[in-house]
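Peer 1: Sharing a structure with you now.
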Amino acid sequence: MEGVIEEGADALEKDEQGPSFDSGIIGAALRTEHYEIAGYEAAIDMSNTLRMSDVTALLTVSLNEELTAARKIKAAAKPIFKEASYQPEEEEKAPKTSKEKYSAKKSKEDEKNAASGLKKRPATR
């Protein structure tokens, strides 16, 4: 979890802006939510195995909150992803550290996933 948080903090320190940057932040937020969702699902499975129904009920409430948060992030992200898909690609600076390489890879994946299925806006002259 520390790595996910640190990744988001590193991105914010770069002081960039625009829909493509925002898409990367959204991707980091979703990764955080999915990390938390996986943790709650594992804890629920353990509490079910131990027949701790009261604990399962509490964990399920928390899991549902995380699922709702992920859905809200995705809904809010749609217009940002769409706008990012219209931006021309910029020349990239090569990442230097392994953390920067990982972050760049994840950002590219997020942008690619966001752009899939979107129709490109015709070029204006």
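For the structure tokens, the naming scheme is as follows: chains receive sequential letters (A, B, ...) according to their order of presentation, residues are indexed from 1 within each chain, and ligands are indexed from 1 in presentation order.
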Could you name the residues that touch Ile44 of chain A at 10 Å or less, counting only C-alpha atoms, but leaving out those on the same chain fewer than 6 positions away, as a list in words?
Peer 2: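 These residues fall inside the cut-off: Ala38, Leu50, Met52, Ser53, Val55, Thr56, Ala57, Leu58, Leu59, Thr60 and Leu63 of chain A.
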Peer 1: Could you check which of A:Ser20, A:Asn113, A:Thr32, A:Ser98 is closest to Ala70 of chain A, using only C-alpha atoms?
Peer 2: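 Ranking A:Ser20, A:Asn113, A:Thr32, A:Ser98 by distance to Ala70 of chain A, first place goes to A:Thr32.
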Peer 1: When you draw a straight line from atom CA of Ala84 of chain A to atom CA of Glu111 of chain A, how long is it in Å?
Peer 2: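 Rounded to one decimal, the two atoms are 7.8 Å apart.
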Peer 1: Could you make a table, as a Markdown table, of the residues of segment 39-114 of chain A that have an atom within 9 Å of an atom of segment 21-30 of chain A, each with its nearest atom pair and distance in Å to one decimal, counting only C-alpha atoms, in chain and number order?
Peer 2:
```
| residue | atom | partner | partner_atom | distance |
| --- | --- | --- | --- | --- |
| A:Ala69 | CA | A:Leu30 | CA | 8.9 |
| A:Ala70 | CA | A:Leu30 | CA | 6.2 |
| A:Ile73 | CA | A:Leu30 | CA | 7.2 |
| A:Lys74 | CA | A:Leu30 | CA | 7.9 |
| A:Ala77 | CA | A:Ile26 | CA | 6.8 |
| A:Ile80 | CA | A:Ser23 | CA | 6.7 |
| A:Phe81 | CA | A:Ser23 | CA | 6.0 |
| A:Ala84 | CA | A:Ser23 | CA | 7.2 |
| A:Ser103 | CA | A:Gly24 | CA | 8.8 |
| A:Ala104 | CA | A:Gly24 | CA | 9.0 |
| A:Lys106 | CA | A:Gly27 | CA | 7.9 |
| A:Ser107 | CA | A:Gly24 | CA | 5.1 |
| A:Lys108 | CA | A:Gly24 | CA | 8.2 |
| A:Glu109 | CA | A:Gly27 | CA | 9.0 |
| A:Asp110 | CA | A:Gly27 | CA | 5.9 |
| A:Glu111 | CA | A:Ser23 | CA | 6.7 |
| A:Ala114 | CA | A:Ser23 | CA | 8.3 |
```
Peer 1: Between atom CA of Gly18 of chain A and atom CA of Thr97 of chain A, what is the distance in Å, rounded to a tenth?
Peer 2: 23.7 Å
Peer 1: Which residue out of A:Pro19, A:Leu67, A:Arg31, A:Gly3 has the minimum interatomic distance to Tyr86 of chain A when only C-alpha atoms are used?
Peer 2: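 Selected residue with least distance to Tyr86 of chain A: A:Pro19.
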